[in-house]
$ cat start-v6.txt   # compact mmCIF, C-alpha atoms
# COMPACT_ATOMS: atom_id res chain seq x y z
CA MET A 1 11.07 65.98 16.39
CA THR A 2 7.76 64.53 17.63
CA PHE A 3 4.94 62.57 16.00
CA TYR A 4 3.29 65.88 15.19
CA ASP A 5 6.06 66.54 12.66
CA GLU A 6 5.41 63.16 11.03
CA ILE A 7 1.64 63.39 10.94
CA ILE A 8 1.66 66.60 8.91
CA GLY A 9 3.03 64.72 5.90
CA LEU A 10 0.78 61.72 6.51
CA GLN A 11 -2.32 63.90 6.61
CA ASN A 12 -1.47 65.53 3.30
CA THR A 13 -1.56 62.15 1.55
CA ASP A 14 -4.61 61.09 -0.47
CA TYR A 15 -5.11 57.43 0.46
CA SER A 16 -8.06 56.79 -1.86
CA ASP A 17 -5.83 56.06 -4.86
CA ALA A 18 -3.69 53.68 -2.82
CA PHE A 19 -6.78 51.78 -1.68
CA GLU A 20 -8.13 51.44 -5.23
CA LEU A 21 -4.89 49.97 -6.54
CA VAL A 22 -4.75 47.09 -4.04
CA THR A 23 -5.23 43.63 -5.58
CA ALA A 24 -6.14 40.23 -4.13
CA SER A 25 -2.68 38.85 -4.97
CA GLN A 26 -1.08 41.77 -3.15
CA ILE A 27 -3.11 40.97 -0.02
CA ALA A 28 -2.06 37.32 -0.26
CA ASN A 29 1.59 38.33 -0.51
CA ILE A 30 1.26 40.62 2.49
CA LEU A 31 -0.28 37.85 4.59
CA ALA A 32 2.72 35.66 3.79
CA LYS A 33 5.20 38.21 5.15
CA ALA A 34 6.84 37.85 8.54
CA GLU A 35 7.02 41.61 9.11
CA LEU A 36 4.82 44.32 7.60
CA GLN A 37 5.65 47.83 6.48
CA PRO A 38 3.34 50.87 6.67
CA GLN A 39 2.29 50.42 3.03
CA ASP A 40 1.25 46.83 3.86
CA PHE A 41 -0.81 48.06 6.79
CA LEU A 42 -2.48 50.57 4.51
CA ALA A 43 -3.31 47.82 2.01
CA LEU A 44 -4.89 45.69 4.74
CA LEU A 45 -7.28 48.56 5.46
CA SER A 46 -8.40 48.73 1.80
CA PRO A 47 -11.80 47.63 0.46
CA GLN A 48 -10.02 44.78 -1.36
CA ALA A 49 -8.66 43.38 1.93
CA ALA A 50 -12.22 43.09 3.26
CA PHE A 51 -12.59 40.02 1.01
CA SER A 52 -9.74 38.35 2.92
CA LEU A 53 -10.97 38.82 6.48
CA GLU A 54 -10.96 35.07 7.18
CA GLU A 55 -7.32 34.75 6.20
CA MET A 56 -6.47 37.91 8.16
CA ALA A 57 -8.33 36.51 11.19
CA GLN A 58 -6.35 33.27 11.13
CA ALA A 59 -3.04 35.13 10.89
CA GLY A 60 -4.08 37.60 13.60
CA HIS A 61 -5.14 34.79 15.90
CA ARG A 62 -1.77 33.05 15.54
CA LEU A 63 0.16 36.24 16.24
CA THR A 64 -1.93 37.08 19.30
CA LEU A 65 -1.40 33.63 20.78
CA GLN A 66 2.33 33.91 20.07
CA HIS A 67 2.74 37.24 21.87
CA PHE A 68 -0.03 37.23 24.49
CA GLY A 69 -1.20 33.64 24.93
CA ARG A 70 -4.83 32.86 25.77
CA THR A 71 -5.30 35.68 28.25
CA ILE A 72 -7.72 38.60 28.48
CA MET A 73 -6.94 41.35 30.96
CA LEU A 74 -10.01 42.79 32.70
CA TYR A 75 -10.43 46.29 34.09
CA THR A 76 -13.20 48.75 34.81
CA PRO A 77 -13.56 52.54 34.53
CA LEU A 78 -14.25 54.79 37.51
CA TYR A 79 -15.61 58.25 36.69
CA LEU A 80 -14.52 60.79 39.29
CA SER A 81 -16.05 63.96 37.80
CA ASN A 82 -18.09 65.18 34.84
CA TYR A 83 -17.18 68.87 35.03
CA CYS A 84 -15.80 69.95 31.66
CA VAL A 85 -14.83 73.24 30.01
CA ASN A 86 -14.60 71.90 26.45
CA HIS A 87 -17.31 72.18 23.81
CA CYS A 88 -16.70 68.86 22.01
CA VAL A 89 -19.81 68.54 19.86
CA TYR A 90 -19.92 64.72 20.13
CA CYS A 91 -19.57 64.34 23.92
CA GLY A 92 -22.19 64.02 26.63
CA PHE A 93 -19.96 66.02 29.02
CA ASN A 94 -19.90 69.03 26.63
CA ALA A 95 -19.76 72.19 28.77
CA THR A 96 -22.91 73.50 27.05
CA ASN A 97 -24.99 70.43 27.92
CA ASP A 98 -27.48 71.03 30.74
CA ILE A 99 -26.71 67.98 32.89
CA PRO A 100 -26.18 67.57 36.64
CA ARG A 101 -22.48 68.14 37.36
CA ARG A 102 -20.63 66.66 40.28
CA LYS A 103 -17.39 65.11 41.41
CA LEU A 104 -16.78 62.44 43.99
CA THR A 105 -15.58 63.28 47.46
CA LEU A 106 -12.67 61.20 48.74
CA ALA A 107 -15.12 59.29 50.93
CA GLU A 108 -17.22 58.50 47.85
CA VAL A 109 -14.07 57.47 45.95
CA GLU A 110 -13.35 54.96 48.70
CA LEU A 111 -16.89 53.58 48.55
CA GLU A 112 -16.52 53.10 44.79
CA ALA A 113 -13.13 51.49 45.30
CA LYS A 114 -14.49 48.98 47.79
CA ALA A 115 -17.39 48.08 45.49
CA ILE A 116 -15.08 47.52 42.51
CA ALA A 117 -12.40 45.68 44.50
CA ALA A 118 -15.09 43.29 45.78
CA THR A 119 -15.45 41.99 42.20
CA GLY A 120 -11.80 40.92 42.21
CA LEU A 121 -10.61 43.48 39.69
CA GLN A 122 -7.17 44.96 40.34
CA HIS A 123 -6.78 47.16 37.24
CA LEU A 124 -8.63 50.46 37.33
CA LEU A 125 -9.04 53.32 34.84
CA ILE A 126 -10.02 56.64 36.43
CA LEU A 127 -11.65 59.34 34.31
CA THR A 128 -12.73 62.95 34.66
CA GLY A 129 -14.19 65.61 32.44
CA GLU A 130 -11.59 68.11 31.29
CA SER A 131 -11.70 70.82 33.95
CA ARG A 132 -8.48 71.79 35.69
CA GLN A 133 -10.44 73.95 38.12
CA GLN A 134 -12.83 71.22 39.29
CA SER A 135 -10.45 68.27 38.88
CA PRO A 136 -6.94 69.65 39.36
CA VAL A 137 -3.89 67.40 39.45
CA SER A 138 -3.94 67.73 43.25
CA TYR A 139 -7.45 66.20 43.33
CA ILE A 140 -6.35 63.34 41.07
CA LYS A 141 -3.38 62.68 43.36
CA ASP A 142 -5.65 62.62 46.42
CA CYS A 143 -7.96 60.14 44.68
CA VAL A 144 -5.04 57.93 43.66
CA ALA A 145 -3.79 57.91 47.27
CA VAL A 146 -7.14 56.39 48.26
CA LEU A 147 -7.39 53.99 45.32
CA ARG A 148 -3.92 52.51 45.52
CA LYS A 149 -4.96 50.80 48.77
CA TYR A 150 -7.34 48.67 46.71
CA PHE A 151 -5.79 48.28 43.23
CA SER A 152 -2.46 47.07 41.89
CA SER A 153 -2.64 49.17 38.72
CA ILE A 154 -4.23 52.62 38.24
CA SER A 155 -4.49 54.30 34.84
CA ILE A 156 -5.77 57.79 34.09
CA GLU A 157 -7.95 59.14 31.29
CA ILE A 158 -8.04 62.87 31.94
CA TYR A 159 -7.03 66.13 30.24
CA PRO A 160 -3.49 66.17 28.75
CA LEU A 161 -0.74 67.12 31.20
CA SER A 162 2.81 68.40 31.14
CA THR A 163 5.73 66.00 31.56
CA GLU A 164 6.22 67.24 35.12
CA GLU A 165 2.56 66.65 36.01
CA TYR A 166 2.66 63.12 34.63
CA ALA A 167 5.76 62.52 36.76
CA GLU A 168 3.87 63.76 39.82
CA LEU A 169 1.04 61.29 39.23
CA ILE A 170 3.46 58.43 38.57
CA ALA A 171 5.13 59.16 41.91
CA THR A 172 1.69 58.98 43.54
CA GLY A 173 0.92 55.56 42.08
CA VAL A 174 -0.39 56.01 38.53
CA ASP A 175 1.20 53.59 36.06
CA GLY A 176 -0.96 53.91 32.93
CA LEU A 177 -2.27 56.59 30.58
CA THR A 178 -5.20 56.38 28.20
CA ILE A 179 -5.71 59.36 25.92
CA TYR A 180 -7.57 59.45 22.63
CA GLN A 181 -6.71 61.96 19.96
CA GLU A 182 -10.43 61.54 19.14
CA VAL A 183 -9.80 62.29 15.45
CA TYR A 184 -6.43 62.54 13.70
CA ASP A 185 -7.72 64.60 10.78
CA ALA A 186 -6.74 68.11 11.91
CA LYS A 187 -9.49 69.87 9.95
CA ILE A 188 -12.22 67.67 11.39
CA TYR A 189 -10.61 68.01 14.83
CA SER A 190 -10.85 71.80 14.65
CA HIS A 191 -14.51 71.63 13.60
CA LEU A 192 -15.49 69.21 16.38
CA HIS A 193 -13.67 71.17 19.12
CA PRO A 194 -14.93 74.75 18.66
CA LYS A 195 -14.03 76.01 22.13
CA GLY A 196 -11.94 75.05 25.14
CA PRO A 197 -8.33 73.98 25.75
CA LYS A 198 -8.96 70.77 23.84
CA ARG A 199 -8.80 72.83 20.63
CA ASP A 200 -5.01 72.55 20.92
CA TYR A 201 -4.53 69.60 18.57
CA ARG A 202 -0.76 69.42 18.99
CA PHE A 203 -0.71 69.53 22.80
CA ARG A 204 -3.11 66.59 22.91
CA LEU A 205 -1.26 64.65 20.20
CA GLU A 206 2.04 64.91 22.06
CA ALA A 207 0.62 63.94 25.47
CA PRO A 208 1.62 60.25 25.11
CA GLU A 209 5.21 61.32 24.42
CA ARG A 210 5.29 63.52 27.51
CA ALA A 211 3.92 60.63 29.57
CA GLY A 212 6.57 58.33 28.11
CA GLN A 213 9.30 60.80 28.98
CA ALA A 214 7.94 60.93 32.54
CA GLY A 215 8.22 57.13 32.86
CA MET A 216 4.64 55.90 32.43
CA ARG A 217 4.52 52.08 32.33
CA VAL A 218 1.54 51.73 29.96
CA ILE A 219 0.32 54.12 27.25
CA ASN A 220 -2.97 53.49 25.45
CA ILE A 221 -4.14 55.63 22.52
CA GLY A 222 -6.87 55.55 19.89
CA ALA A 223 -9.27 57.39 17.62
CA LEU A 224 -12.99 57.71 18.34
CA LEU A 225 -14.30 55.86 15.31
CA GLY A 226 -17.10 57.67 13.53
CA LEU A 227 -15.64 61.17 13.71
CA GLY A 228 -13.44 60.76 10.62
CA GLU A 229 -13.10 58.36 7.69
CA TRP A 230 -12.21 55.14 9.46
CA ARG A 231 -9.53 53.79 7.13
CA SER A 232 -7.34 56.88 7.30
CA GLU A 233 -8.03 57.30 11.04
CA VAL A 234 -6.97 53.74 11.85
CA PHE A 235 -3.90 54.09 9.62
CA LEU A 236 -2.81 57.29 11.39
CA ALA A 237 -3.45 55.73 14.80
CA GLY A 238 -1.35 52.75 13.74
CA MET A 239 1.47 55.02 12.66
CA HIS A 240 1.22 56.80 16.01
CA LEU A 241 1.55 53.44 17.76
CA ALA A 242 4.57 52.47 15.66
CA TYR A 243 6.21 55.80 16.51
CA LEU A 244 5.60 55.32 20.24
CA GLN A 245 6.92 51.76 20.18
CA LYS A 246 10.10 52.96 18.52
CA GLN A 247 10.57 55.91 20.87
CA PHE A 248 9.73 54.01 24.07
CA PRO A 249 10.61 50.31 23.60
CA GLU A 250 10.44 49.71 27.35
CA ILE A 251 6.82 50.93 27.62
CA GLU A 252 3.73 48.79 27.04
CA ILE A 253 1.97 50.47 24.11
CA SER A 254 -1.66 49.66 23.32
CA ILE A 255 -4.69 50.90 21.41
CA SER A 256 -8.44 51.05 21.94
CA PHE A 257 -11.04 50.98 19.18
CA PRO A 258 -13.95 52.98 20.62
CA ARG A 259 -16.92 53.58 18.31
CA MET A 260 -19.39 56.40 18.79
CA ARG A 261 -22.27 55.49 21.12
CA PRO A 262 -25.53 57.32 21.89
CA GLN A 263 -24.90 60.18 24.33
CA PHE A 264 -26.59 63.25 25.80
CA GLY A 265 -26.87 65.68 22.93
CA ASN A 266 -27.48 62.85 20.42
CA TYR A 267 -24.62 63.72 18.06
CA GLN A 268 -24.81 61.57 14.93
CA PRO A 269 -21.42 60.48 13.55
CA GLU A 270 -20.75 61.50 9.96
CA PHE A 271 -18.63 58.41 9.27
CA PRO A 272 -20.40 55.35 10.75
CA VAL A 273 -18.26 52.26 11.23
CA SER A 274 -19.84 48.83 10.76
CA ASP A 275 -18.95 45.70 12.72
CA ARG A 276 -17.11 44.43 9.65
CA ASP A 277 -15.13 47.66 9.42
CA LEU A 278 -14.19 47.36 13.09
CA VAL A 279 -13.04 43.76 12.63
CA GLN A 280 -10.91 44.74 9.63
CA SER A 281 -9.36 47.57 11.64
CA ILE A 282 -8.42 45.29 14.52
CA LEU A 283 -6.99 42.58 12.26
CA ALA A 284 -4.96 44.99 10.13
CA LEU A 285 -3.50 46.58 13.24
CA ARG A 286 -2.67 43.22 14.83
CA LEU A 287 -0.83 42.07 11.69
CA PHE A 288 1.10 45.35 11.42
CA LEU A 289 2.06 45.59 15.11
CA PRO A 290 1.96 42.09 16.68
CA ARG A 291 3.14 43.24 20.14
CA VAL A 292 0.58 46.01 20.61
CA GLY A 293 -2.18 45.44 23.16
CA ILE A 294 -5.74 45.86 21.84
CA THR A 295 -8.62 46.97 24.06
CA ILE A 296 -12.35 46.65 23.42
CA SER A 297 -14.67 48.34 25.89
CA THR A 298 -18.31 47.85 26.85
CA ARG A 299 -19.27 50.31 24.12
CA GLU A 300 -19.60 47.16 22.02
CA SER A 301 -22.28 44.48 22.34
CA SER A 302 -21.68 41.30 24.31
CA GLU A 303 -22.01 39.15 21.17
CA LEU A 304 -19.46 41.18 19.21
CA ARG A 305 -17.02 41.36 22.11
CA ASP A 306 -17.15 37.59 22.54
CA ASN A 307 -16.34 37.10 18.86
CA LEU A 308 -13.48 39.61 19.00
CA ILE A 309 -11.67 37.69 21.75
CA ARG A 310 -10.25 35.28 19.16
CA LEU A 311 -9.29 38.04 16.73
CA GLY A 312 -6.53 39.87 18.56
CA VAL A 313 -8.10 41.59 21.56
CA THR A 314 -6.02 41.42 24.77
CA LYS A 315 -7.89 43.67 27.20
CA MET A 316 -11.58 44.27 27.97
CA SER A 317 -13.60 46.32 30.42
CA ALA A 318 -16.26 44.71 32.59
CA GLY A 319 -18.90 45.82 35.06
CA SER A 320 -18.66 49.30 33.55
CA SER A 321 -20.48 52.54 34.28
CA THR A 322 -19.89 55.94 32.70
CA ALA A 323 -21.80 57.79 35.44
CA ILE A 324 -20.20 59.56 38.39
CA GLY A 325 -20.53 57.20 41.34
CA GLY A 326 -21.94 54.56 39.02
CA HIS A 327 -20.46 51.58 40.88
CA THR A 328 -22.39 52.35 44.05
CA ASP A 329 -25.39 54.65 43.62
CA ALA A 330 -25.85 57.39 41.02
CA PRO A 331 -29.60 57.92 40.50
CA ASP A 332 -29.27 61.43 39.03
CA SER A 333 -25.98 61.07 37.20
CA ILE A 334 -25.93 61.07 33.41
CA GLY A 335 -23.18 58.96 31.90
CA GLN A 336 -20.76 60.18 29.27
CA PHE A 337 -22.29 57.72 26.81
CA GLU A 338 -24.45 54.59 26.84
CA ILE A 339 -22.68 51.28 27.34
CA SER A 340 -23.83 48.22 25.42
CA ASP A 341 -22.32 45.21 27.21
CA LYS A 342 -23.73 45.37 30.74
CA ARG A 343 -22.40 42.04 32.01
CA SER A 344 -20.88 41.86 35.47
CA VAL A 345 -17.23 41.05 36.11
CA GLU A 346 -18.17 37.50 37.12
CA GLU A 347 -20.21 37.01 33.95
CA MET A 348 -17.28 38.21 31.87
CA ARG A 349 -14.91 35.87 33.70
CA GLN A 350 -17.17 32.91 32.98
CA THR A 351 -17.60 33.84 29.33
CA ILE A 352 -13.87 34.27 28.74
CA ALA A 353 -13.14 30.93 30.42
CA THR A 354 -15.84 29.19 28.37
CA LEU A 355 -14.16 30.45 25.20
CA GLY A 356 -10.92 28.79 26.28
CA TYR A 357 -9.13 31.89 27.54
CA LYS A 358 -7.88 32.92 30.96
CA PRO A 359 -9.46 36.04 32.50
CA VAL A 360 -6.68 38.00 34.21
CA LEU A 361 -7.71 40.37 36.97
CA LYS A 362 -4.18 41.30 38.01
CA ASP A 363 -0.84 41.09 36.21
CA TRP A 364 1.04 43.95 37.85
CA HIS A 365 1.91 45.05 41.35
CA ASP A 366 4.28 47.87 42.23
CA LEU A 367 5.54 46.87 45.65
CA ASN A 368 7.27 50.23 45.90
CA LEU A 369 3.87 51.70 46.78
CA GLY A 370 4.27 49.93 50.07
CA GLY A 371 7.81 51.21 50.52
CA GLU A 372 9.54 47.99 49.45
CA VAL A 373 10.98 46.81 46.14
CA ASP A 374 10.06 47.91 42.64
CA ASN A 375 8.02 46.47 39.79
CA ALA A 376 7.02 42.88 40.56
CA LYS A 377 4.66 41.10 38.16
CA VAL A 378 1.92 38.80 39.41
CA SER A 379 -0.62 36.75 37.44
CA ILE A 380 -3.88 35.60 38.95
CA SER A 381 -7.43 35.03 37.72

$ encode --input "start-v6.txt" --output "C-alpha cells"
Amino acid sequence: MTFYDEIIGLQNTDYSDAFELVTASQIANILAKAELQPQDFLALLSPQAAFSLEEMAQAGHRLTLQHFGRTIMLYTPLYLSNYCVNHCVYCGFNATNDIPRRKLTLAEVELEAKAIAATGLQHLLILTGESRQQSPVSYIKDCVAVLRKYFSSISIEIYPLSTEEYAELIATGVDGLTIYQEVYDAKIYSHLHPKGPKRDYRFRLEAPERAGQAGMRVINIGALLGLGEWRSEVFLAGMHLAYLQKQFPEIEISISFPRMRPQFGNYQPEFPVSDRDLVQSILALRLFLPRVGITISTRESSELRDNLIRLGVTKMSAGSSTAIGGHTDAPDSIGQFEISDKRSVEEMRQTIATLGYKPVLKDWHDLNLGGEVDNAKVSIS
C-alpha cells in the first residue's frame, strides 16, 4: 500500500462543509493541543482560522524554535538543462514553447559550480527539464561527479525515477530529492498535463517513496499553489508529508510552498493564492507537523520572505537563477519562471543575521565521498 491508495479516499471528500462548520472556540481548543490530528490540520486551513493567524503565528514560532532553533539553511538552484518533452500548460519549459534549448557541458557545470561555491554556499539543488533523452541519468551522474568537489550536499529536482535509478544517484553523491506533485487534484492534474510522461499521476506521486526506499537522506515535496484550490491542496500535501514521516522516520522530510510566478507562455492560475493564504498554509502545516522542514524560494518577494522567517520557515534559496548557466553568463537563456527576490547570498546572510537568526551555509558533509567515514554533520555560517 502506498500514499496513492490513501489519496483516492482523501480526494473523494468534500472539504467545503468541514470548513464551514469550524468555530472560533474550536480553533482555540486546537491551538491548546500538544499534538494535532488531521481533522485539526483541516480546521486550521479553514476561513474561520484566518481570524486567528496571530495566535497561530505565536504557536508556530515557538514550535519552530523548539525543533530547529534560530537557523535558516541557505541553498541555491543550478539549472543544467531546459529540454523537456512534457506539455505542462503552466510551465515555461513546456515542449511546445519556442524558446532556446540547451544543456550545460561538464566544463560549464564546473564554471557554475565555482561561481556558486565562491559565495560560500555548500547546499545545491540541481534541476533539469524532463527529458530522459537530453538529460539521462548518466548525464546527471556525470554532473554530480563534478559538483561534489565543490558542495557538501547535492539535491536533485528532475523527472521521477525508479528506485534503482535513485540508488545510482545516491551512490554518486546525491543526498536529497525535491519533487512537486504540482497539483494533488487528479482531475486538474490530468487537464494541466495533456501530453508527455508527466501525465502519469501515480508514478510521480510515488517517486518520494521510491527515493526513500533507495536511501535518500532528504525528501522535499509540495504543490504548486495556484493550480488547484489551495486549502485542499495544502491539506493533501500535509497528509503526504505525514505519510512519508511515518514510513521513513530516519529521513529528513520537508515541504516547499511555491506559488505560480510569471513565465514564458503567461499561464494565469485559476486559483490565485494571496500572501495571507500562504501564511495560513505555512502556519497550519507547522502546527500539524512540527518536525517538518519548510522551504520558501525566491519566487516570493524579499519583504514577504523576511517576514516568513519568524513564522516557521527553515530553509531559503539565495542568489537564484532559473536560467541555464544563470550563475555565470546566460544572455540568451529564458528562465523557467521569473524570480522575485534577487538578493545575493551575502545580502541574505546579512538580513537573516539582522533578524536574529543564524544563516547556515553547510550542515552536512558525507565524508564517504572522499573514501573515508560516513555521514558527519558540520555546522558553519

$ closest_residue --input "start-v6.txt" --among "A:His193, A:Arg231, A:Arg299, A:Arg291" --to "Phe271 of chain A" --atoms "all atoms listed in the file"
A:Arg231

$ closest_residue --input "start-v6.txt" --among "A:Ser25, A:Ser340, A:Pro77, A:Ile170" --to "Ser52 of chain A" --atoms "only C-alpha atoms"
A:Ser25

$ residues_around --input "start-v6.txt" --residues "segment 99-114 of chain A" --least-positions-apart "5" --cutoff "10 Å" --atoms "only C-alpha atoms" --output "PyMOL selection string"
chain A and resi 78-84+92-94+119+124+128-129+134-135+139+142-151+264+324-329+332-335

$ write_last_selection --input "start-v6.txt" --atoms "C-alpha atoms" --output "compact mmCIF listing (two decimals), keeping the file's coordinate frame"
# COMPACT_ATOMS: atom_id res chain seq x y z
CA LEU A 78 -14.25 54.79 37.51
CA TYR A 79 -15.61 58.25 36.69
CA LEU A 80 -14.52 60.79 39.29
CA SER A 81 -16.05 63.96 37.80
CA ASN A 82 -18.09 65.18 34.84
CA TYR A 83 -17.18 68.87 35.03
CA CYS A 84 -15.80 69.95 31.66
CA GLY A 92 -22.19 64.02 26.63
CA PHE A 93 -19.96 66.02 29.02
CA ASN A 94 -19.90 69.03 26.63
CA THR A 119 -15.45 41.99 42.20
CA LEU A 124 -8.63 50.46 37.33
CA THR A 128 -12.73 62.95 34.66
CA GLY A 129 -14.19 65.61 32.44
CA GLN A 134 -12.83 71.22 39.29
CA SER A 135 -10.45 68.27 38.88
CA TYR A 139 -7.45 66.20 43.33
CA ASP A 142 -5.65 62.62 46.42
CA CYS A 143 -7.96 60.14 44.68
CA VAL A 144 -5.04 57.93 43.66
CA ALA A 145 -3.79 57.91 47.27
CA VAL A 146 -7.14 56.39 48.26
CA LEU A 147 -7.39 53.99 45.32
CA ARG A 148 -3.92 52.51 45.52
CA LYS A 149 -4.96 50.80 48.77
CA TYR A 150 -7.34 48.67 46.71
CA PHE A 151 -5.79 48.28 43.23
CA PHE A 264 -26.59 63.25 25.80
CA ILE A 324 -20.20 59.56 38.39
CA GLY A 325 -20.53 57.20 41.34
CA GLY A 326 -21.94 54.56 39.02
CA HIS A 327 -20.46 51.58 40.88
CA THR A 328 -22.39 52.35 44.05
CA ASP A 329 -25.39 54.65 43.62
CA ASP A 332 -29.27 61.43 39.03
CA SER A 333 -25.98 61.07 37.20
CA ILE A 334 -25.93 61.07 33.41
CA GLY A 335 -23.18 58.96 31.90

$ closest_residue --input "start-v6.txt" --among "A:Arg132, A:Gln350, A:Leu308, A:Ala237" --to "Val85 of chain A" --atoms "all atoms listed in the file"
A:Arg132

$ atom_distance --input "start-v6.txt" --atom1 "atom CA of Glu35 of chain A" --atom2 "atom CA of Ala49 of chain A"
17.3 Å

$ closest_residue --input "start-v6.txt" --among "A:Thr354, A:Asn220, A:Thr64, A:Ser344" --to "Ile253 of chain A" --atoms "all atoms listed in the file"
A:Asn220

$ atom_distance --input "start-v6.txt" --atom1 "atom CA of Ala57 of chain A" --atom2 "atom CA of Val22 of chain A"
18.9 Å

$ atom_distance --input "start-v6.txt" --atom1 "atom CA of Thr322 of chain A" --atom2 "atom CA of Leu127 of chain A"
9.1 Å

$ closest_residue --input "start-v6.txt" --among "A:Ala186, A:Lys198, A:Asp175, A:Ile255" --to "Val218 of chain A" --atoms "all atoms listed in the file"
A:Asp175

$ residues_around --input "start-v6.txt" --residues "segment 279-288 of chain A" --least-positions-apart "4" --cutoff "6 Å" --atoms "all atoms listed in the file" --output "list in words"
Leu36, Phe41, Leu44 and Gly60 of chain A

$ closest_residue --input "start-v6.txt" --among "A:Tyr4, A:Phe19, A:Phe51, A:Tyr90" --to "His191 of chain A" --atoms "all atoms listed in the file"
A:Tyr90

$ decode --input "start-v6.txt" --residues "segment 22-40 of chain A" --atoms "N, CA and C atoms" --output "CSV table (one decimal), in the first residue's frame"
chain,number,residue,atom,x,y,z
A,22,VAL,N,-16.4,25.0,11.1
A,22,VAL,CA,-15.4,25.3,12.1
A,22,VAL,C,-15.8,26.6,12.8
A,23,THR,N,-15.6,26.6,14.2
A,23,THR,CA,-15.9,27.7,15.0
A,23,THR,C,-14.6,28.3,15.6
A,24,ALA,N,-14.7,29.5,16.2
A,24,ALA,CA,-13.6,30.2,16.8
A,24,ALA,C,-13.2,29.4,18.1
A,25,SER,N,-14.1,28.9,18.8
A,25,SER,CA,-13.8,28.1,20.0
A,25,SER,C,-13.1,26.8,19.6
A,26,GLN,N,-13.4,26.2,18.5
A,26,GLN,CA,-12.7,25.0,18.1
A,26,GLN,C,-11.3,25.3,17.7
A,27,ILE,N,-11.1,26.5,17.1
A,27,ILE,CA,-9.7,26.9,16.7
A,27,ILE,C,-8.9,27.1,18.0
A,28,ALA,N,-9.5,27.7,19.0
A,28,ALA,CA,-8.8,28.0,20.3
A,28,ALA,C,-8.4,26.6,21.0
A,29,ASN,N,-9.3,25.7,20.9
A,29,ASN,CA,-9.1,24.4,21.5
A,29,ASN,C,-7.9,23.7,20.8
A,30,ILE,N,-7.9,23.8,19.5
A,30,ILE,CA,-6.9,23.2,18.7
A,30,ILE,C,-5.5,23.7,19.0
A,31,LEU,N,-5.4,25.1,19.2
A,31,LEU,CA,-4.2,25.7,19.5
A,31,LEU,C,-3.7,25.4,20.9
A,32,ALA,N,-4.5,24.9,21.7
A,32,ALA,CA,-4.1,24.5,23.1
A,32,ALA,C,-3.6,23.0,23.1
A,33,LYS,N,-3.8,22.3,22.0
A,33,LYS,CA,-3.3,20.9,22.0
A,33,LYS,C,-1.8,20.8,21.8
A,34,ALA,N,-1.3,19.7,22.4
A,34,ALA,CA,0.1,19.4,22.2
A,34,ALA,C,0.4,18.7,20.9
A,35,GLU,N,-0.6,17.9,20.4
A,35,GLU,CA,-0.4,17.2,19.2
A,35,GLU,C,-1.7,17.2,18.4
A,36,LEU,N,-1.6,17.5,17.1
A,36,LEU,CA,-2.8,17.7,16.3
A,36,LEU,C,-3.0,16.5,15.4
A,37,GLN,N,-4.3,16.3,15.1
A,37,GLN,CA,-4.8,15.2,14.2
A,37,GLN,C,-5.1,15.8,12.9
A,38,PRO,N,-5.3,15.0,11.8
A,38,PRO,CA,-5.6,15.5,10.5
A,38,PRO,C,-6.8,16.4,10.5
A,39,GLN,N,-7.8,16.1,11.3
A,39,GLN,CA,-9.0,17.0,11.3
A,39,GLN,C,-8.7,18.4,11.9
A,40,ASP,N,-7.7,18.4,12.8
A,40,ASP,CA,-7.3,19.7,13.4
A,40,ASP,C,-6.6,20.5,12.3
